[in-house]
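This report refers to the structure that appears directly beneath it.
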Amino acid sequence: MLVALAGAAFLAAPPPATERPGPGGTASATRAVPTVPAATGADSVKPGSGAGGAPGGAAPATFAGKAFDTCEAPPLTVMEAWQGSPYGAVGIYFGGRGRGCPVQKELTPDWVASAHAMGWRLLPLFVGSQAPCVDNPAKRKYAIGGAPTAQGTQEGGDAVRAARALGIGTDSPLYLDVEAYARGDAGCAATTLAFVRAWNREVRRLGYLPGFYSSADTGVRDLEAQRRAGTTDLPDVMWFAHWSGQPALLTEPVLHPEAWTPHARIHQYAGNVTETYGGRTLSIDRNAIDAPVARVTAPARSDSRLPVPLSLPDSGRP
């Protein structure tokens, strides 16, 4: 339950349109309706913080439940075997030069359409250029260069083209993955912010919903500070990594309780865990989600997956 604060703006959503839910949660089509705050203070929620969709576009399809992400898209046989898991959505690393698994031999338009037809809801992740002071040594060769705005614009276009090629349609979220970076480096943070804002502008201009994934302690903390300061061109959806071991979707201390609400948060609460369902084992990260998911435009061959409702915040399962 969100805590109401004096002077805070509320983001209200109308009753959801119907969309078939996946087995790990509930799906709906909703549009956040921002209200303009009166006499705002630093803690006011900036209009547009929720998942409002691209200007003039359709309402984003949202999903509430549990999700997993894994480095490489699993074969469809594995996705079918995992129908008995507590998860209803999956993160797919669909593009970007910084991906840990760049080949993605399974990730084709047919995979996207077929997984969606099974009932899986998709979270498209783009791992592009990284902060110049990124923590992970393997990511440093992908550092943002000396023209972050131009680079962000270019990579935003790259993300949209890659999404379209897979049958991920407009009004879908595209999540920019910015890995953890050094805190306290003002120059690095400014360069990263310029890149992120340009990426967001281009993705939004092309009809998609810009989302943002990062560590709660660095990227997310910095963007929350920018939100409080009234900075424009911030992401519409926040995916924060805080490996606390338990879902805390609405209680992350780095974020204002009403920032990026409603239907605009994902919490990655555990990482590098191994799970087995239907005799198939994967190494995954665990996520709690109430956020937009991809709209799939490619034709599906089947629709065989049966929904099994699961409510947030916790089902008692991993």
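Identifiers in this document derive from the order of the structure tokens: chains are assigned A, B, ..., residues are numbered from 1 separately in each chain, and ligands are numbered from 1 in order of occurrence.
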Q. Which residues, written as a list in words, have at least one atom at most 8 Å from A:Gly98, with only C-alpha atoms counted and residues fewer than 5 positions away on the same chain left out?
A.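 Everything that qualifies: Val127, Gly128, Ser129, Gln130, Lys139 and Tyr142 of chain A.
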Any chance you can output those residues with N, CA and C atoms as a compact mmCIF listing (two decimals), in the first residue's frame?
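Here's the written file result.txt:
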```txt
# COMPACT_ATOMS: atom_id res chain seq x y z
N VAL A 127 21.03 -3.98 -23.77
CA VAL A 127 22.27 -3.71 -23.03
C VAL A 127 23.23 -2.98 -23.98
N GLY A 128 23.13 -1.67 -23.98
CA GLY A 128 23.95 -0.88 -24.86
C GLY A 128 25.21 -0.39 -24.19
N SER A 129 25.63 0.83 -24.55
CA SER A 129 26.83 1.41 -23.96
C SER A 129 26.64 1.61 -22.46
N GLN A 130 27.73 1.54 -21.73
CA GLN A 130 27.70 1.56 -20.28
C GLN A 130 28.38 2.82 -19.72
N LYS A 139 32.62 -4.93 -18.87
CA LYS A 139 31.74 -3.96 -19.54
C LYS A 139 32.46 -2.68 -19.93
N TYR A 142 32.70 -1.17 -23.40
CA TYR A 142 31.47 -0.63 -23.98
C TYR A 142 31.12 0.74 -23.39
```
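Counting only C-alpha atoms, A:Pro148 has the following residues at most 7 Å away, ignoring those fewer than 4 positions along the same chain: Ile144, Gly152, Thr191, Ala194 and Phe195 of chain A.
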Considering only C-alpha atoms, return as an mmCIF file with C-alpha atoms, in the first residue's frame whatever protein or nucleic-acid residues lie within 7 Å of A:Ile266, sequence-local ones (same chain, fewer than 4 positions apart) excluded.
```
data_model
loop_
_atom_site.group_PDB
_atom_site.id
_atom_site.type_symbol
_atom_site.label_atom_id
_atom_site.label_comp_id
_atom_site.auth_asym_id
_atom_site.auth_seq_id
_atom_site.Cartn_x
_atom_site.Cartn_y
_atom_site.Cartn_z
ATOM 1 C CA MET A 238 11.920 1.579 -13.287
ATOM 2 C CA TRP A 239 13.527 -1.870 -12.940
ATOM 3 C CA PHE A 240 15.773 -1.837 -9.895
ATOM 4 C CA LEU A 249 8.300 -3.806 -5.172
ATOM 5 C CA ASN A 287 11.941 -10.454 -10.257
ATOM 6 C CA ALA A 288 8.661 -9.121 -8.895
ATOM 7 C CA ILE A 289 6.802 -7.053 -11.457
ATOM 8 C CA ASP A 290 3.899 -4.680 -11.881
ATOM 9 C CA ALA A 291 4.872 -3.065 -15.151
#
```
Q: Find the distance between atom CA of A:Ala115 and atom CA of A:Ala264 and write it in Å to one decimal.
A: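 According to the coordinates, atom CA of A:Ala115 and atom CA of A:Ala264 are separated by 22.8 Å.
If you look at atom CA of A:Thr153 and atom CA of A:Val237, they are 18.5 Å away from each other.
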Q.
Using Å and a single decimal, report how far atom CA of A:Ser85 sits from atom CA of A:Tyr277.
A. 6.1 Å
Q: Identify, with DSSP run on backbone atoms, the residues in stretch 136-284 of chain A assigned to strand (DSSP E), and express the list as a VMD selection string.
A: chain A and resid 173 to 177 209 to 215 237 to 241 265 to 277 280 to 284
Which residues of stretch 239-298 of chain A come within 8 Å of stretch 68-84 of chain A, and what is each one's closest atom pair and distance in Å (one decimal), counting only C-alpha atoms, sorted by chain and residue number, as CSV?
```
residue,atom,partner,partner_atom,distance
A:Tyr277,CA,A:Trp82,CA,5.3
A:Gly278,CA,A:Ala81,CA,4.6
A:Gly279,CA,A:Ala81,CA,7.2
A:Arg280,CA,A:Val78,CA,6.1
A:Leu282,CA,A:Thr70,CA,7.7
A:Ser283,CA,A:Thr70,CA,6.5
A:Ile284,CA,A:Thr70,CA,4.8
A:Asp285,CA,A:Asp69,CA,5.4
A:Arg286,CA,A:Phe68,CA,4.9
A:Asn287,CA,A:Phe68,CA,5.7
```
Q: From the DSSP assignment of the backbone, select every residue of stretch 71-119 of chain A that is helix (DSSP H, G or I), and format the answer as a VMD selection string.
A: chain A and resid 76 to 84 109 to 118
Prev. selection, N, CA and C atoms, output as a CSV table (one decimal), in the first residue's frame:
```csv
chain,number,residue,atom,x,y,z
A,76,LEU,N,12.4,-23.1,-26.8
A,76,LEU,CA,10.9,-23.2,-26.5
A,76,LEU,C,10.5,-24.4,-25.7
A,77,THR,N,11.3,-25.5,-25.9
A,77,THR,CA,11.0,-26.7,-25.1
A,77,THR,C,11.2,-26.4,-23.6
A,78,VAL,N,12.2,-25.6,-23.3
A,78,VAL,CA,12.4,-25.2,-21.9
A,78,VAL,C,11.2,-24.3,-21.4
A,79,MET,N,10.9,-23.3,-22.2
A,79,MET,CA,9.8,-22.4,-21.9
A,79,MET,C,8.5,-23.2,-21.6
A,80,GLU,N,8.3,-24.2,-22.4
A,80,GLU,CA,7.1,-25.1,-22.2
A,80,GLU,C,7.2,-25.9,-20.9
A,81,ALA,N,8.4,-26.4,-20.7
A,81,ALA,CA,8.6,-27.2,-19.4
A,81,ALA,C,8.4,-26.3,-18.2
A,82,TRP,N,8.7,-25.0,-18.3
A,82,TRP,CA,8.6,-24.1,-17.2
A,82,TRP,C,7.2,-23.5,-17.0
A,83,GLN,N,6.2,-24.1,-17.7
A,83,GLN,CA,4.9,-23.6,-17.5
A,83,GLN,C,4.4,-23.9,-16.1
A,84,GLY,N,5.0,-24.8,-15.4
A,84,GLY,CA,4.6,-25.1,-14.0
A,84,GLY,C,5.3,-24.3,-13.0
A,109,PRO,N,11.9,-14.1,-34.4
A,109,PRO,CA,10.5,-13.7,-34.3
A,109,PRO,C,9.6,-14.9,-34.0
A,110,ASP,N,9.9,-16.1,-34.5
A,110,ASP,CA,9.1,-17.2,-34.2
A,110,ASP,C,9.1,-17.5,-32.7
A,111,TRP,N,10.3,-17.4,-32.0
A,111,TRP,CA,10.4,-17.6,-30.6
A,111,TRP,C,9.6,-16.7,-29.8
A,112,VAL,N,9.6,-15.4,-30.2
A,112,VAL,CA,8.8,-14.3,-29.5
A,112,VAL,C,7.4,-14.7,-29.7
A,113,ALA,N,6.9,-14.9,-30.9
A,113,ALA,CA,5.5,-15.2,-31.1
A,113,ALA,C,5.0,-16.5,-30.3
A,114,SER,N,5.9,-17.5,-30.4
A,114,SER,CA,5.5,-18.8,-29.8
A,114,SER,C,5.5,-18.7,-28.3
A,115,ALA,N,6.5,-18.0,-27.7
A,115,ALA,CA,6.5,-17.9,-26.2
A,115,ALA,C,5.4,-17.1,-25.8
A,116,HIS,N,5.0,-16.0,-26.5
A,116,HIS,CA,3.9,-15.2,-26.1
A,116,HIS,C,2.6,-16.0,-26.2
A,117,ALA,N,2.5,-16.8,-27.3
A,117,ALA,CA,1.3,-17.6,-27.4
A,117,ALA,C,1.1,-18.6,-26.3
A,118,MET,N,2.2,-19.1,-25.8
A,118,MET,CA,2.2,-20.0,-24.6
A,118,MET,C,1.6,-19.3,-23.4
```
**Q.** All residues 10 Å or closer to stretch 158-164 of chain A, only C-alpha atoms, same chain fewer than 4 positions away omitted, as a PyMOL selection string
**A.** chain A and resi 94-96+109+124-128+152-154+168-170+172-176+199+202-204+206-208+294+296-298
Q.
Given only C-alpha atoms as the basis, pick out the residue of A:Pro60, A:Gly65, A:Tyr213, A:Cys133 nearest to A:Thr192.
A.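 Of A:Pro60, A:Gly65, A:Tyr213, A:Cys133, the one nearest A:Thr192, counting only C-alpha atoms, is A:Cys133.
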